[in-house]
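Okay, so here's the structure we're looking at.
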Amino acid sequence: MTIDKSSAWLTLQQHQIELSPISLAEMFASNKQRFHELSFKHCDLLCDFSKQKINTQTIKLLSDLAQEAQLSQSIEDLFNGALVNKTEQRAALHTQLRHPQAHKPEVKRVLAQMGSFIDYLHSSKFTDIIVLGIGGSDLGPRLVCEALQPYKQTDRRLHFVANVDGDTINTLLQCLNPHTTLCIINSKTFTTIETLANAKLVKNWMQQHVATVAQQLVAVTANKKAALEYGISPDNIFEFWDWVGGRYSVWSAVGLPIAIAIGMHNFEKFLAGAHAMDQHFRTAPFTNNLPVLMALVGVWNINFNAYHTLAIKPYTDGLQLLPAYLQQLEMESNGKSAANNGDFVNYQTAPVIWGGVGCNGQHAYMQMLHQGTQIVPVDFLVAKSSVTGSQELQDLLVASCLGQSQALMLGRSAAETYKLCKGNRPSTTIMFDKMTPEILGSIIALYEHKVFVQGIIWQIQSFDQWGVQLGKDLIKDVLQIIEKRDLKNLDASTAGLLQHFFER
Ligand code: F6P
C-alpha cells in the first residue's frame, strides 16, 4: 500500500482541515504551555517547533504515520548495515565513521593515516593546499572549514575549487608557489569529469615547475586503483568505501581538509557530535526525537499544507554554506518521484531548499516571505554566543533572528493593504550555545537523519542519484559533439546554441 492511502495519512488530511482555520497567534493564545510542549532539547540543540502550524495531536498523528511506514525497522536497518540503497545494492554506513567504539578496522586505519599526515604537514614545506572535488566531495569540507574557522590550528591556506571555471583556477594558481603547494583530489569515484579536469590543470602547472610532483598530490577516494594509475603514491591515497555515500562523506577522509584546518582532535569532536545525534536518533521515541520531528514537520508542511520550499537561515556567517550543503543533502537524496514499488509517487517529495545568512536576507528576499503570495517555511539557526566574544553583536543577531520568526508568525495589522503582514507563517528555530565542532557535527547529522526519515515515509530511495547520473553522461556526449563539430541528430535548441558557441 502506498503511504498516501494509509489510514494515518487520511487522518492527517482531516486533521489539517480542522487545524488550518486556527492561526498560530490563536494557538499560542489558547495554550500557555505551547512552547514547552513543542520545543525539544537534545545534543545541546534546542529545537522549537511551536511556531509551526501543529499541536501535540499533530505530532501524535505524524508519529502514527512514521509507525505505519515502519520507520523503527528502517532505522535499525540503516545502523546495522542492511543494503538500504536498493538500486545500487549498498549499505549507507556513514554512522560507522563517527562511532568511536565500533569503528571498523579500515576506518581506524584511515583515521590514523590522517593523523600521521597532519603531523607530517606541520613540518613540511607546504604553505597552500588546493582541495579539488565537487558535490559531496566539496560541500562538506568547505562548509565545515568555514564554520569552524575560529578553531583553526594551522597557517596553511586551504583553497577549495569545485567548478571548472578557468578564471577561478588560473587566478588561484597565479597567486601560488608550485613548490610549496599541495593538491588534495577528493573524489569517491575518481572519474568525475570536473574534478579530473581541474586536477589535470594543477598537475600540469606543478610539472612545469617541479621535477617530481608525486609528493604534492594526495587522493581521497573509494577507487584506489584509479588513483594509483593517476600517479599518486600509495602513501598519499586516503581510502573510503562504497558504503559511504558522496553526500555523507564529510565524516570520512573527505574531511581531511577539515582535520588539517582544525586539527585531528577537533575533527574527532566533530565526529563525536554527530555520533551523539546518531545515539539520540536511534533510541528516542518518535515524539521526542529531533530528526524524526524535523522530518515529520517537513512532511506536514509539504504534503498536508502544500508548502513546497524550505528556507534555511543561519544567523552565523560560518554557516553561510549550510543552504548549499543541504541543497545537495535534501534534494539529491529525496528529489525523486520513483517509488520503491516500481511506480511513481503521487505526492510531493523533497522541498526546494534555499536560503542564506539571516541578517543579509532580511535586507533582501525576506520581503517575499513576509508579504508574498507563497508561504515559505523557514529553519532558523542561531547561537547564544559567538566563539570569539562580542556578545553585543550576538544580542543583535539573536534579536534579528527572533524578530523575524515572530514577524512571520504574528504579522502586523494595518489599514493599508501594502503595509499589512498577514503572519501565520511557520518556522522552526534551532538554538545552540555557540558554534563548536560537536555542535556542527550534531546539526549536520540532524539533517542527515531528517532526510532519511522523509525518504522512508515517501517510500523512495534516498541514497541513489540516477538523475544526476544522466547529467554526468550527457556532458560526455556534448563534449564529443564539440570536439567533432557534428551537430547532426541534435535537438534544434542545443544545435542552435552550439552553432552560436562555435562562432567565437
Ligand atoms: O553530483 C553527483 C555526485 O555523484 C555526488 O553524489 C557526489 O558527491 C559528486 O557527484 C562527486 O562525485 P565524486 O566524489 O565521485 O567525484
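Labels used: A, B, ... for chains in the order of the C-alpha cells, numbers from 1 for residues in each chain, and numbers from 1 for ligands as shown.
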
Around ligand 1, at most 7 Å away and counting only C-alpha atoms and all ligand atoms, which residues are there? Put them as a PyMOL selection string, please.
chain A and resi 133-137+186-192+195+245-247+465+468-469

Just the selected residues (C-alpha atoms), exported as a compact mmCIF listing (two decimals), in the first residue's frame, please.
```txt
# COMPACT_ATOMS: atom_id res chain seq x y z
CA GLY A 133 36.26 17.99 -5.53
CA ILE A 134 32.61 18.60 -6.31
CA GLY A 135 29.23 17.80 -4.72
CA GLY A 136 29.74 15.72 -1.60
CA SER A 137 33.48 15.78 -2.17
CA ASN A 186 38.70 14.45 -3.33
CA SER A 187 36.68 12.09 -5.49
CA LYS A 188 34.89 8.95 -4.43
CA THR A 189 34.77 7.54 -7.95
CA PHE A 190 37.91 9.24 -9.25
CA THR A 191 36.05 9.57 -12.55
CA THR A 192 34.25 12.88 -12.03
CA THR A 195 37.46 17.25 -10.62
CA GLY A 245 27.58 7.94 0.02
CA GLY A 246 29.16 11.03 -1.54
CA ARG A 247 26.87 13.44 0.30
CA GLN A 465 21.17 9.81 -7.58
CA VAL A 468 22.47 13.36 -11.56
CA GLN A 469 23.97 10.45 -13.49
```

I want to know what sits within 12 Å of Gly166 (chain A), based on only C-alpha atoms, with residues of the same chain fewer than 4 positions away left out; could you give that as a compact mmCIF listing (two decimals) with all heavy atoms, in the first residue's frame?
```txt
# COMPACT_ATOMS: atom_id res chain seq x y z
N VAL A 161 38.30 24.31 -4.79
CA VAL A 161 37.85 24.56 -6.17
C VAL A 161 36.94 23.41 -6.58
O VAL A 161 37.33 22.24 -6.50
CB VAL A 161 39.05 24.65 -7.15
CG1 VAL A 161 38.55 24.93 -8.57
CG2 VAL A 161 40.04 25.71 -6.71
N ALA A 162 35.73 23.75 -7.04
CA ALA A 162 34.79 22.71 -7.46
C ALA A 162 34.44 22.86 -8.94
O ALA A 162 34.60 21.95 -9.74
CB ALA A 162 33.52 22.79 -6.61
N ASN A 170 42.88 29.49 -12.71
CA ASN A 170 44.08 30.20 -13.19
C ASN A 170 44.42 31.37 -12.28
O ASN A 170 45.58 31.61 -11.98
CB ASN A 170 43.88 30.68 -14.62
CG ASN A 170 43.90 29.49 -15.58
OD1 ASN A 170 44.64 28.54 -15.37
ND2 ASN A 170 43.06 29.53 -16.62
N THR A 171 43.41 32.08 -11.83
CA THR A 171 43.66 33.21 -10.92
C THR A 171 44.30 32.69 -9.64
O THR A 171 45.22 33.30 -9.09
CB THR A 171 42.34 33.94 -10.59
OG1 THR A 171 41.65 34.18 -11.81
CG2 THR A 171 42.58 35.24 -9.88
N LEU A 172 43.81 31.54 -9.17
CA LEU A 172 44.38 30.98 -7.94
C LEU A 172 45.84 30.58 -8.16
O LEU A 172 46.72 30.95 -7.37
CB LEU A 172 43.54 29.76 -7.51
CG LEU A 172 44.10 28.95 -6.35
CD1 LEU A 172 44.13 29.78 -5.07
CD2 LEU A 172 43.25 27.70 -6.11
N LEU A 173 46.09 29.86 -9.26
CA LEU A 173 47.46 29.36 -9.48
C LEU A 173 48.45 30.51 -9.63
O LEU A 173 49.61 30.39 -9.21
CB LEU A 173 47.50 28.45 -10.71
CG LEU A 173 46.70 27.13 -10.59
CD1 LEU A 173 46.87 26.27 -11.84
CD2 LEU A 173 47.08 26.35 -9.35
N GLN A 174 47.99 31.62 -10.20
CA GLN A 174 48.88 32.79 -10.34
C GLN A 174 49.40 33.29 -8.99
O GLN A 174 50.45 33.88 -8.90
CB GLN A 174 48.15 33.93 -11.04
CG GLN A 174 48.19 33.80 -12.57
CD GLN A 174 47.15 34.69 -13.24
OE1 GLN A 174 46.69 35.66 -12.62
NE2 GLN A 174 46.78 34.36 -14.45
N GLU A 194 34.67 17.05 -13.79
CA GLU A 194 35.06 18.39 -13.35
C GLU A 194 36.33 18.32 -12.48
O GLU A 194 37.28 19.08 -12.67
CB GLU A 194 33.94 19.05 -12.53
CG GLU A 194 32.66 19.35 -13.30
CD GLU A 194 31.66 18.21 -13.26
OE1 GLU A 194 32.06 17.05 -12.97
OE2 GLU A 194 30.47 18.46 -13.54
N ALA A 197 39.37 17.35 -14.53
CA ALA A 197 39.82 18.44 -15.41
C ALA A 197 40.64 19.46 -14.61
O ALA A 197 41.71 19.90 -15.04
CB ALA A 197 38.62 19.12 -16.06
N ASN A 198 40.16 19.80 -13.42
CA ASN A 198 40.91 20.74 -12.57
C ASN A 198 42.23 20.11 -12.11
O ASN A 198 43.26 20.79 -12.06
CB ASN A 198 40.07 21.16 -11.36
CG ASN A 198 39.06 22.23 -11.70
OD1 ASN A 198 39.32 23.08 -12.56
ND2 ASN A 198 37.91 22.21 -11.06
N LEU A 201 44.89 20.30 -14.77
CA LEU A 201 45.46 21.65 -14.87
C LEU A 201 46.49 21.90 -13.76
O LEU A 201 47.58 22.42 -14.00
CB LEU A 201 44.32 22.65 -14.76
CG LEU A 201 44.52 23.93 -15.52
CD1 LEU A 201 43.61 23.91 -16.75
CD2 LEU A 201 44.17 25.12 -14.67
N VAL A 202 46.12 21.50 -12.55
CA VAL A 202 47.03 21.73 -11.41
C VAL A 202 48.29 20.88 -11.57
O VAL A 202 49.41 21.36 -11.35
CB VAL A 202 46.31 21.41 -10.07
CG1 VAL A 202 47.29 21.50 -8.90
CG2 VAL A 202 45.14 22.36 -9.85
```

Nearest residue to Thr154 (chain A) out of A:Gly263, A:Pro437, A:Pro377, A:Gly231, using only C-alpha atoms?
A:Gly263

Check the smallest atom-to-atom distance from each of A:Ile118, A:Ile3, A:Ala112, A:Ile302 to Gln67 (chain A) using only C-alpha atoms, then report the winner.
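Among the listed residues, A:Ile3 lies closest to Gln67 (chain A).
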
When you count only C-alpha atoms, which of these residues is closest to Ser39 (chain A): A:Thr429, A:Gln153, A:Gln215, A:Thr316?
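Of the candidates, the smallest distance to Ser39 (chain A) is held by A:Thr429.
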
Nearest to Leu487 (chain A) among A:Gln499, A:Asn424, A:Asn266, A:Asn341, with distances taken over only C-alpha atoms: which residue is it?
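When distances to Leu487 (chain A) are compared using only C-alpha atoms, the smallest one comes from A:Gln499.
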
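With only C-alpha atoms as the atoms that count, the residue of A:Met431, A:Ile456, A:Val357, A:Ile439 with the shortest distance to Leu321 (chain A) is A:Val357.
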
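Shell of Ile232 (chain A) at 6 Å, with only C-alpha atoms counted and residues fewer than 4 places along the chain excluded, is Ala214, Ala227 and Leu228 of chain A.
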
Which one of A:Pro426, A:Phe502, A:Ser252, A:Phe270 sits closest to Val144 (chain A) if you count only C-alpha atoms?
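Checking each of A:Pro426, A:Phe502, A:Ser252, A:Phe270 against Val144 (chain A), counting only C-alpha atoms, the winner is A:Phe270.
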